[in-house]
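Okay, final22.cif is below, mmCIF, C-alpha atoms:
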```
data_model
#
loop_
_atom_site.label_atom_id
_atom_site.label_comp_id
_atom_site.auth_asym_id
_atom_site.auth_seq_id
_atom_site.Cartn_x
_atom_site.Cartn_y
_atom_site.Cartn_z
CA GLY H 1402 0.00 0.00 0.00
CA THR H 1403 0.88 3.69 -0.12
CA VAL H 1404 0.60 6.15 2.76
CA THR H 1405 0.87 9.92 2.30
CA VAL H 1406 2.60 11.69 5.20
CA ASN H 1407 2.26 15.44 5.75
CA TRP H 1408 3.94 17.63 8.36
CA THR H 1409 4.58 21.25 9.30
CA GLY H 1410 8.09 22.58 8.79
CA ALA H 1411 10.16 23.21 11.93
CA ILE H 1412 12.27 26.17 13.06
CA GLY H 1413 15.85 25.46 14.14
CA PRO H 1414 17.51 26.72 17.35
CA ASN H 1415 18.78 29.88 15.62
CA GLY H 1416 15.33 30.79 14.30
CA GLN H 1417 15.99 29.60 10.77
CA ALA H 1418 13.75 27.11 9.00
CA ALA H 1419 15.05 23.57 9.13
CA THR H 1420 15.74 22.10 5.72
CA ARG H 1421 16.30 18.39 6.37
CA TYR H 1422 13.80 15.79 7.56
CA TYR H 1423 13.49 12.03 7.68
CA VAL H 1424 10.37 9.94 8.19
CA GLN H 1425 9.90 6.73 10.12
CA ARG H 1426 7.04 4.24 10.07
CA LEU H 1427 6.36 2.57 13.41
CA ALA H 1428 4.77 -0.84 13.85
CA GLY H 1429 4.09 -0.61 17.56
CA SER H 1430 7.37 0.79 18.86
CA THR H 1431 9.53 -0.69 16.10
CA PRO H 1432 10.63 1.96 13.56
CA SER H 1433 11.37 1.50 9.87
CA ASN H 1434 12.68 4.07 7.44
CA ALA H 1435 9.89 5.50 5.30
CA CYS H 1436 9.46 7.61 2.17
CA GLY H 1437 12.96 6.69 1.00
CA THR H 1438 14.49 8.68 3.85
CA SER H 1439 16.76 7.74 6.77
CA PRO H 1440 18.88 9.48 9.42
CA THR H 1441 21.79 9.42 6.96
CA SER H 1442 19.67 10.26 3.92
CA PRO H 1443 17.13 12.92 4.88
CA LEU H 1444 15.02 14.99 2.57
CA THR H 1445 17.15 18.04 1.81
CA THR H 1446 14.52 20.17 0.11
CA PRO H 1447 11.46 19.11 2.08
CA PRO H 1448 8.05 19.58 0.52
CA ALA H 1449 6.49 18.85 3.95
CA THR H 1450 4.86 15.80 2.40
CA CYS H 1451 5.98 12.42 1.11
CA SER H 1452 4.54 9.11 -0.09
CA ASP H 1453 5.53 5.92 1.68
CA THR H 1454 5.13 3.21 -0.97
CA GLY H 1455 5.24 -0.57 -0.72
CA VAL H 1456 3.89 -0.53 2.83
CA PRO H 1457 2.96 -4.02 4.06
CA ASP H 1458 -0.60 -4.56 5.29
CA GLY H 1459 -0.98 -3.60 8.93
CA THR H 1460 -1.51 -0.70 11.33
CA TYR H 1461 1.19 1.97 11.75
CA THR H 1462 2.00 5.40 13.10
CA TYR H 1463 4.49 7.85 11.61
CA ALA H 1464 7.05 10.23 13.09
CA VAL H 1465 9.08 12.96 11.37
CA THR H 1466 12.50 14.01 12.61
CA THR H 1467 13.91 17.46 11.88
CA VAL H 1468 17.68 17.70 11.34
CA PHE H 1469 19.46 21.05 11.71
CA ASN H 1470 23.26 20.77 11.82
CA SER H 1471 23.86 18.61 14.91
CA TRP H 1472 20.42 19.32 16.32
CA THR H 1473 17.46 16.93 15.86
CA ALA H 1474 13.88 16.91 17.05
CA THR H 1475 11.30 14.19 16.51
CA SER H 1476 7.57 14.76 16.29
CA ALA H 1477 5.00 12.92 18.30
CA ALA H 1478 3.64 9.85 16.58
CA SER H 1479 0.82 10.43 14.13
CA ALA H 1480 -2.62 8.96 14.39
CA ALA H 1481 -2.71 5.30 13.47
CA VAL H 1482 -3.24 4.37 9.84
CA THR H 1483 -4.24 0.92 8.64
CA VAL H 1484 -3.06 -0.42 5.29
CA VAL H 1485 -5.47 -3.01 3.90
CA PRO H 1486 -5.00 -5.37 0.98
CA THR H 1487 -5.65 -4.00 -2.49
CA ALA H 1488 -8.95 -5.18 -3.92
CA PRO H 1489 -8.84 -7.86 -6.63
CA THR H 1490 -8.86 -6.43 -10.13
CA SER H 1491 -11.44 -8.66 -11.80
CA VAL H 1492 -13.87 -11.54 -11.39
CA THR H 1493 -14.67 -13.53 -14.52
CA LEU H 1494 -16.93 -16.44 -15.49
CA VAL H 1495 -14.55 -18.69 -17.43
CA ASN H 1496 -16.74 -21.52 -18.69
CA GLY H 1497 -19.94 -19.70 -19.48
CA GLY H 1498 -22.35 -21.09 -22.04
CA GLY H 1499 -24.73 -19.54 -24.51
CA GLN H 1500 -24.14 -16.46 -26.63
CA GLY H 1501 -20.73 -14.97 -25.93
CA GLY H 1502 -20.02 -17.64 -23.31
CA ALA H 1503 -21.64 -15.30 -20.79
CA TYR H 1504 -24.32 -17.51 -19.19
CA ILE H 1505 -24.72 -20.21 -16.58
CA ASN H 1506 -26.97 -22.83 -18.15
CA SER H 1507 -27.97 -26.44 -17.74
CA ALA H 1508 -24.70 -27.60 -19.29
CA ASN H 1509 -22.36 -25.87 -16.82
CA ALA H 1510 -24.42 -25.12 -13.71
CA SER H 1511 -23.04 -28.09 -11.78
CA SER H 1512 -19.39 -27.18 -12.40
CA VAL H 1513 -18.86 -23.44 -12.83
CA GLY H 1514 -15.39 -21.92 -13.13
CA ILE H 1515 -14.64 -18.37 -11.94
CA ASP H 1516 -11.30 -16.56 -12.10
CA VAL H 1517 -10.26 -13.73 -9.77
CA GLY H 1518 -7.53 -11.38 -11.00
CA LEU H 1519 -5.08 -9.86 -8.50
CA GLY H 1520 -2.87 -6.79 -8.83
CA SER H 1521 0.86 -6.29 -8.36
CA THR H 1522 0.56 -5.57 -4.61
CA SER H 1523 -1.07 -8.92 -3.83
CA LEU H 1524 0.69 -10.95 -1.12
CA ALA H 1525 0.93 -14.73 -1.03
CA THR H 1526 -0.14 -14.58 2.62
CA ASP H 1527 -3.45 -12.92 1.69
CA THR H 1528 -6.63 -14.96 1.35
CA VAL H 1529 -9.03 -14.44 -1.54
CA THR H 1530 -12.72 -14.94 -0.82
CA LEU H 1531 -15.14 -15.42 -3.71
CA THR H 1532 -18.81 -14.90 -2.84
CA VAL H 1533 -21.47 -16.12 -5.27
CA HIS H 1534 -25.19 -15.73 -4.62
CA ASP H 1535 -28.53 -15.69 -6.39
CA ALA H 1536 -31.30 -13.11 -6.02
CA GLY H 1537 -32.04 -12.43 -2.37
CA SER H 1538 -29.00 -14.50 -1.36
CA VAL H 1539 -31.23 -17.56 -1.03
CA HIS H 1540 -28.21 -19.65 -2.05
CA VAL H 1541 -24.64 -18.56 -1.27
CA LEU H 1542 -21.20 -20.04 -1.89
CA ALA H 1543 -18.09 -18.43 -0.40
CA PRO H 1544 -14.96 -20.48 -1.20
CA THR H 1545 -11.50 -19.19 -0.31
CA ALA H 1546 -8.03 -19.64 -1.77
CA SER H 1547 -4.51 -18.36 -1.24
CA ALA H 1548 -3.59 -15.20 -3.11
CA THR H 1549 -0.68 -14.86 -5.50
CA ALA H 1550 2.59 -13.06 -4.78
CA GLY H 1551 2.18 -10.07 -7.07
CA ALA H 1552 -0.11 -9.94 -10.06
CA GLY H 1553 -1.80 -13.22 -10.92
CA THR H 1554 -5.03 -15.16 -11.17
CA VAL H 1555 -6.79 -17.38 -8.64
CA HIS H 1556 -8.91 -20.13 -10.21
CA PHE H 1557 -12.10 -21.35 -8.54
CA THR H 1558 -13.34 -24.47 -10.31
CA GLY H 1559 -16.13 -27.00 -9.98
CA LEU H 1560 -18.57 -24.66 -8.23
CA ASN H 1561 -21.97 -26.35 -8.09
CA LEU H 1562 -24.67 -23.73 -8.71
CA SER H 1563 -27.38 -26.21 -9.69
CA ALA H 1564 -29.58 -25.22 -6.73
CA PHE H 1565 -29.24 -21.50 -7.41
CA ALA H 1566 -32.33 -19.84 -8.83
CA ASP H 1567 -32.39 -18.81 -12.48
CA GLY H 1568 -31.86 -15.09 -12.98
CA PRO H 1569 -29.05 -12.78 -11.83
CA ILE H 1570 -26.05 -14.42 -10.17
CA SER H 1571 -23.74 -12.04 -8.30
CA MET H 1572 -20.01 -12.78 -8.05
CA SER H 1573 -17.71 -10.70 -5.84
CA ALA H 1574 -14.17 -11.14 -4.54
CA THR H 1575 -12.11 -9.63 -1.72
CA SER H 1576 -8.63 -10.14 -0.26
CA THR H 1577 -7.96 -10.51 3.47
CA ASP H 1578 -4.53 -10.18 5.08
CA THR H 1579 -3.15 -12.06 8.07
CA LEU H 1580 -4.36 -9.29 10.40
CA ALA H 1581 -7.95 -9.78 9.17
CA ASN H 1582 -7.98 -6.50 7.24
CA VAL H 1583 -10.35 -6.86 4.28
CA SER H 1584 -9.98 -5.11 0.93
CA GLY H 1585 -12.72 -3.57 -1.10
CA ALA H 1586 -14.65 -5.86 -3.42
CA VAL H 1587 -14.74 -6.31 -7.16
CA SER H 1588 -18.07 -7.57 -8.45
CA ARG H 1589 -19.84 -8.78 -11.56
CA THR H 1590 -23.32 -10.11 -12.30
CA VAL H 1591 -24.09 -12.86 -14.81
CA THR H 1592 -27.33 -14.60 -15.72
CA LYS H 1593 -28.34 -18.17 -14.99
CA ASP H 1594 -30.89 -19.65 -17.40
CA THR H 1595 -31.46 -23.39 -17.37
CA VAL H 1596 -34.94 -23.44 -18.92
CA ALA H 1597 -35.07 -24.45 -22.57
CA PRO H 1598 -37.37 -22.51 -24.92
CA ALA H 1599 -40.82 -23.96 -25.48
CA ALA H 1600 -41.03 -26.44 -28.38
CA PRO H 1601 -42.72 -25.23 -31.57
CA THR H 1602 -46.41 -26.02 -31.60
CA SER H 1603 -46.66 -26.98 -35.26
CA VAL H 1604 -44.77 -27.31 -38.50
CA ALA H 1605 -46.35 -26.77 -41.93
CA ILE H 1606 -45.35 -26.28 -45.55
CA SER H 1607 -46.40 -22.79 -46.55
CA ASN H 1608 -45.98 -23.03 -50.33
CA GLY H 1609 -46.93 -26.63 -51.08
CA LEU H 1610 -48.35 -27.76 -54.44
CA GLY H 1611 -50.82 -30.41 -55.48
CA ALA H 1612 -53.67 -31.88 -53.48
CA SER H 1613 -54.25 -30.01 -50.23
CA SER H 1614 -51.20 -27.82 -51.14
CA ALA H 1615 -49.05 -30.51 -49.54
#
```

Do you think you could lay out the structure here as C-alpha cells?
Amino acid sequence: GTVTVNWTGAIGPNGQAATRYYVQRLAGSTPSNACGTSPTSPLTTPPATCSDTGVPDGTYTYAVTTVFNSWTATSAASAAVTVVPTAPTSVTLVNGGGQGGAYINSANASSVGIDVGLGSTSLATDTVTLTVHDAGSVHVLAPTASATAGAGTVHFTGLNLSAFADGPISMSATSTDTLANVSGAVSRTVTKDTVAPAAPTSVAISNGLGASSA
C-alpha cells in the first residue's frame, strides 16, 4: 500500500527554518525508514509531504525528525493508519455457455469456473474470498483460496450452482490479510438460465403444391 505523510516545517535553534527531515514508520514501537528517507539520507529540500510506498498490510503510526546541523527533534507519533490489501482487479466467469459464453446454463451449472484477478501488490499470505449468490442471497457459496505473490489469477473451479435460482447471479471477490484487514470488493453479475425454450407447436409447408397444397 501507499501512505501519504504530511507535516509542518520546523524552526531550528537559531530561528531559521530547518531544511532536512526524515520519516519513520512505526509498527508498535519498532521503527522503519519511510518515504525513501533515513537518518543518513534525509530529505534536503522538504516539501512537507511524502509518499511511503510498498507498505505491508498492517496498522502503523508515523514520526518525522527534523535535522538542523547537529540538532534533531522528533515529532509525536501520528494517528494510526491501517493499510489493507488491495482489492482484486477482476472476477470472470470462465466456462460460461450460450451467446458470448456469458451464461450459466444447464450444461455448466453443476461445475462453474470463476477466475479472480489480483494486482501487483497482492501478497501470497493474503486470502481471496469469492462470494457467489442468487437473487435475495437464497443460495450462497463463499470459497476461499490463497492469493498470488504479485499480479496473478486465482482459479475457482467445480462450483456447483445447480440449486441456485435462475436469474441474476452475483459474483464478488475480496482479499484478506493475516491481520484480518479486508480489501474492497470487485463484483460482476451474470445470468443463470437453465430453462429451454418452449417447443414449436406446429410445422407446416407454406408453399406446397398439389392436393391439399401438400

Residues near H:Ser1523, cut-off 10 Å, all atoms listed in the file, skip fewer than 5 positions along chain, as a PyMOL selection string = chain H and resi 1402+1486-1489+1518+1528-1529+1548-1553+1576+1578

Give as a VMD selection string the residues that the PyMOL selection byres ((chain H and resi 1572) around 12) matches when applied to the coordinates above.
-> chain H and resid 1491 to 1494 1513 to 1517 1530 to 1536 1538 1541 to 1544 1557 1560 1562 1569 to 1571 1573 to 1575 1586 to 1592

So which residues touch H:Gly1437 within 10 Å, counting all atoms listed in the file, skipping near sequence neighbours fewer than 5 positions away, as a compact mmCIF listing (two decimals) with C-alpha atoms, keeping the file's coordinate frame?
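out10.txt written:
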```txt
# COMPACT_ATOMS: atom_id res chain seq x y z
CA TYR H 1423 13.49 12.03 7.68
CA VAL H 1424 10.37 9.94 8.19
CA GLN H 1425 9.90 6.73 10.12
CA SER H 1442 19.67 10.26 3.92
CA PRO H 1443 17.13 12.92 4.88
CA LEU H 1444 15.02 14.99 2.57
CA CYS H 1451 5.98 12.42 1.11
CA SER H 1452 4.54 9.11 -0.09
CA ASP H 1453 5.53 5.92 1.68
CA THR H 1454 5.13 3.21 -0.97
```

Find the residues around H:Val1484 up to 7 Å (all atoms listed in the file counted), leave out those fewer than 5 positions away in its own chain, and share them as a ChimeraX atom specification.
-> /H:1402,1458-1460

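Separating atom CA of H:Thr1526 from atom CA of H:Ser1584 is a distance of 13.8 Å.
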
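Neighbours of H:Arg1421 closer than or equal to 7 Å, with all atoms listed in the file counted and sequence neighbours fewer than 2 positions away skipped, come out as H:Ala1419, H:Pro1443, H:Leu1444, H:Thr1445, H:Thr1446, H:Pro1447, H:Thr1467, H:Val1468, H:Phe1469.
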
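Pairwise distance (atom CA of H:Asn1496, atom CA of H:Leu1519) equals 19.4 Å.
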
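Atom CA of H:Ala1546 is found 10.2 Å from atom CA of H:Ala1525.
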
Which of these residues is nearest to H:Ala1503, using all atoms listed in the file: H:His1556, H:Arg1426, H:His1540, H:Lys1593?
-> H:Lys1593

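Between H:Gly1429 and the candidates H:Ser1563, H:Ser1511, H:Gln1500, H:Thr1462, the tightest atom-to-atom separation, counting only C-alpha atoms, involves H:Thr1462.
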
Kindly resolve the PyMOL selection byres ((chain H and resi 1596) around 12) on the present coordinates and return the residues as a short mmCIF file (atom, residue, chain, number, x, y, z; two decimals) with C-alpha atoms, in the coordinates of the input.
```cif
data_model
loop_
_atom_site.label_atom_id
_atom_site.label_comp_id
_atom_site.auth_asym_id
_atom_site.auth_seq_id
_atom_site.Cartn_x
_atom_site.Cartn_y
_atom_site.Cartn_z
CA ILE H 1505 -24.72 -20.21 -16.58
CA ASN H 1506 -26.97 -22.83 -18.15
CA SER H 1507 -27.97 -26.44 -17.74
CA ALA H 1508 -24.70 -27.60 -19.29
CA ALA H 1510 -24.42 -25.12 -13.71
CA ALA H 1566 -32.33 -19.84 -8.83
CA ASP H 1567 -32.39 -18.81 -12.48
CA GLY H 1568 -31.86 -15.09 -12.98
CA LYS H 1593 -28.34 -18.17 -14.99
CA ASP H 1594 -30.89 -19.65 -17.40
CA THR H 1595 -31.46 -23.39 -17.37
CA ALA H 1597 -35.07 -24.45 -22.57
CA PRO H 1598 -37.37 -22.51 -24.92
CA ALA H 1599 -40.82 -23.96 -25.48
CA ALA H 1600 -41.03 -26.44 -28.38
#
```

Complete stretch 1563-1575 of chain H with N, CA, C and O atoms (output as a short mmCIF file (atom, residue, chain, number, x, y, z; two decimals), in the frame of the given file).
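Okay, rebuild25.cif is ready:
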```cif
data_model
loop_
_atom_site.label_atom_id
_atom_site.label_comp_id
_atom_site.auth_asym_id
_atom_site.auth_seq_id
_atom_site.Cartn_x
_atom_site.Cartn_y
_atom_site.Cartn_z
N SER H 1563 -26.14 -25.59 -9.19
CA SER H 1563 -27.38 -26.21 -9.69
C SER H 1563 -28.59 -25.76 -8.89
O SER H 1563 -29.69 -25.57 -9.44
N ALA H 1564 -28.43 -25.59 -7.57
CA ALA H 1564 -29.58 -25.22 -6.73
C ALA H 1564 -29.90 -23.74 -6.79
O ALA H 1564 -30.98 -23.32 -6.32
N PHE H 1565 -29.00 -22.94 -7.34
CA PHE H 1565 -29.24 -21.50 -7.41
C PHE H 1565 -30.40 -21.22 -8.36
O PHE H 1565 -30.57 -21.88 -9.38
N ALA H 1566 -31.19 -20.20 -8.01
CA ALA H 1566 -32.33 -19.84 -8.83
C ALA H 1566 -31.87 -19.24 -10.16
O ALA H 1566 -30.83 -18.58 -10.23
N ASP H 1567 -32.65 -19.49 -11.21
CA ASP H 1567 -32.39 -18.81 -12.48
C ASP H 1567 -32.56 -17.30 -12.28
O ASP H 1567 -33.35 -16.85 -11.44
N GLY H 1568 -31.82 -16.54 -13.09
CA GLY H 1568 -31.86 -15.09 -12.98
C GLY H 1568 -30.48 -14.55 -12.69
O GLY H 1568 -29.46 -15.20 -12.99
N PRO H 1569 -30.37 -13.37 -12.08
CA PRO H 1569 -29.05 -12.78 -11.83
C PRO H 1569 -28.26 -13.55 -10.79
O PRO H 1569 -28.79 -13.92 -9.74
N ILE H 1570 -26.99 -13.78 -11.10
CA ILE H 1570 -26.05 -14.42 -10.17
C ILE H 1570 -24.92 -13.42 -9.92
O ILE H 1570 -24.25 -12.99 -10.86
N SER H 1571 -24.77 -13.02 -8.66
CA SER H 1571 -23.74 -12.04 -8.30
C SER H 1571 -22.46 -12.75 -7.88
O SER H 1571 -22.50 -13.71 -7.11
N MET H 1572 -21.33 -12.24 -8.39
CA MET H 1572 -20.01 -12.78 -8.05
C MET H 1572 -19.17 -11.61 -7.54
O MET H 1572 -19.07 -10.58 -8.21
N SER H 1573 -18.58 -11.75 -6.36
CA SER H 1573 -17.71 -10.70 -5.84
C SER H 1573 -16.51 -11.33 -5.15
O SER H 1573 -16.59 -12.46 -4.65
N ALA H 1574 -15.39 -10.60 -5.13
CA ALA H 1574 -14.17 -11.14 -4.54
C ALA H 1574 -13.47 -10.07 -3.71
O ALA H 1574 -13.46 -8.89 -4.07
N THR H 1575 -12.90 -10.50 -2.59
CA THR H 1575 -12.11 -9.63 -1.72
C THR H 1575 -10.82 -10.35 -1.33
O THR H 1575 -10.70 -11.58 -1.47
#
```
